[in-house]
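A.B. asks: Quick one: structure below, then a few questions.
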Amino acid sequence: MSELLAESECKATINAPIETLDLTTWVFTLADEEYQRCSKAHIAAGASTDPSGKRVSINVEKVGNLIISHYNEDVSERDHCRVVSISDVLTPQGGRTTSRITWELKAIASEDGRCVFLNRVAVHATPEFYKFLAENKVGIEQAKAAMVKDLEAHNAEETPLFAKSIERMVRHG
């Protein structure tokens with residue numbers, strides 16, 4: 001397992017019963033405009049399939065750096081979706097590297113008929129990431145500190161907006 005660079009988990013309330021949710025369908029059918037509505041850092045979203053037929057969610061966002069993720073389906077349940085990407089990372093200075101990003105969504109039923117929504121993102125180093133740091137004379141701790149700050153702020157913004165988007169999907173079928 002590669003080194004964990006940054007991790008963030010945020011919670012929000014989904015005002016819908018758990019049996020009406022399908023987080024996996026939401027991830028793989030999220031329209032570009034709806035994705036952009038969920039964060040000022042979101043640039044584009046789309047969907048595809050990999051050669052084996054598994055679904056892929058493609059997301060472009062600016063979280064510190066410009067990140068292009070090709071999230072491959074890993075866990076596909078109505079109340080739990082996990083996708084993993086070797087993401088391209090483009091820096092403002094023109095450098096390019098990769099990182100492995102795991103995006104995990106969970107819904108937990110509340111007694112009041114609503115759900116607790118968990119949005120977790122974990123970023124791990126790749127060999128290309130270490131090479132990029134060495135070539136640019138950036139220390140791993142410096143890179144981690146910047147990444148944690150950017151990821152936590154981004155996740156705090158998008159999590160409640162994702163919850164509202166999931167509610168809209170439930171209401172509109």
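Ligands are numbered from 1 in the order shown, residues from 1 within each chain, and chains are lettered A, B, ... in the order they appear in the structure tokens.
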According to DSSP computed on the backbone, where in chain A is there strand (DSSP E)? Give the residues as an NGL selection string.
C.D. replies: :A and (4-14 or 42-49 or 55-63 or 65-77 or 80-90 or 96-109 or 115-125)
A.B. asks: For region 13-35 of chain A versus region 151-164 of chain A, which residues have an atom no more than 9 Å away, and what is each residue's nearest atom pair and distance in Å rounded to one decimal, using only C-alpha atoms, chain-then-number order, as a tab-separated table?
C.D. replies:
```
residue	atom	partner	partner_atom	distance
A:Thr13	CA	A:Ala163	CA	6.6
A:Ile14	CA	A:Ala163	CA	5.3
A:Asn15	CA	A:Lys164	CA	8.2
A:Tyr35	CA	A:Phe162	CA	8.4
```
A.B. asks: May I have the selected residues written with C-alpha atoms, as a compact mmCIF listing (two decimals), in the first residue's frame?
C.D. replies:
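Now in part_19.txt:
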```txt
# COMPACT_ATOMS: atom_id res chain seq x y z
CA THR A 13 -27.91 14.88 6.41
CA ILE A 14 -29.88 13.46 3.52
CA ASN A 15 -33.57 14.24 4.03
CA TYR A 35 -21.60 18.05 -10.47
```
A.B. asks: Counting only C-alpha atoms, what is within 9 Å of region 142-149 of chain A, bar same-chain residues fewer than 5 positions away, as a ChimeraX atom specification?
C.D. replies: /A:4-8,63-64,123,133,154
A.B. asks: Between A:Asn65, A:Ser52, A:Ser85, A:Asn59, which has the minimum distance to Glu34 (chain A) (counting only C-alpha atoms)?
C.D. replies: A:Asn59
A.B. asks: In Å, with one decimal, what is the gap from CA of Val84 (chain A) to CA of Glu19 (chain A)?
C.D. replies: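 Atom-to-atom, CA of Val84 (chain A) and CA of Glu19 (chain A) are spaced 25.2 Å apart.
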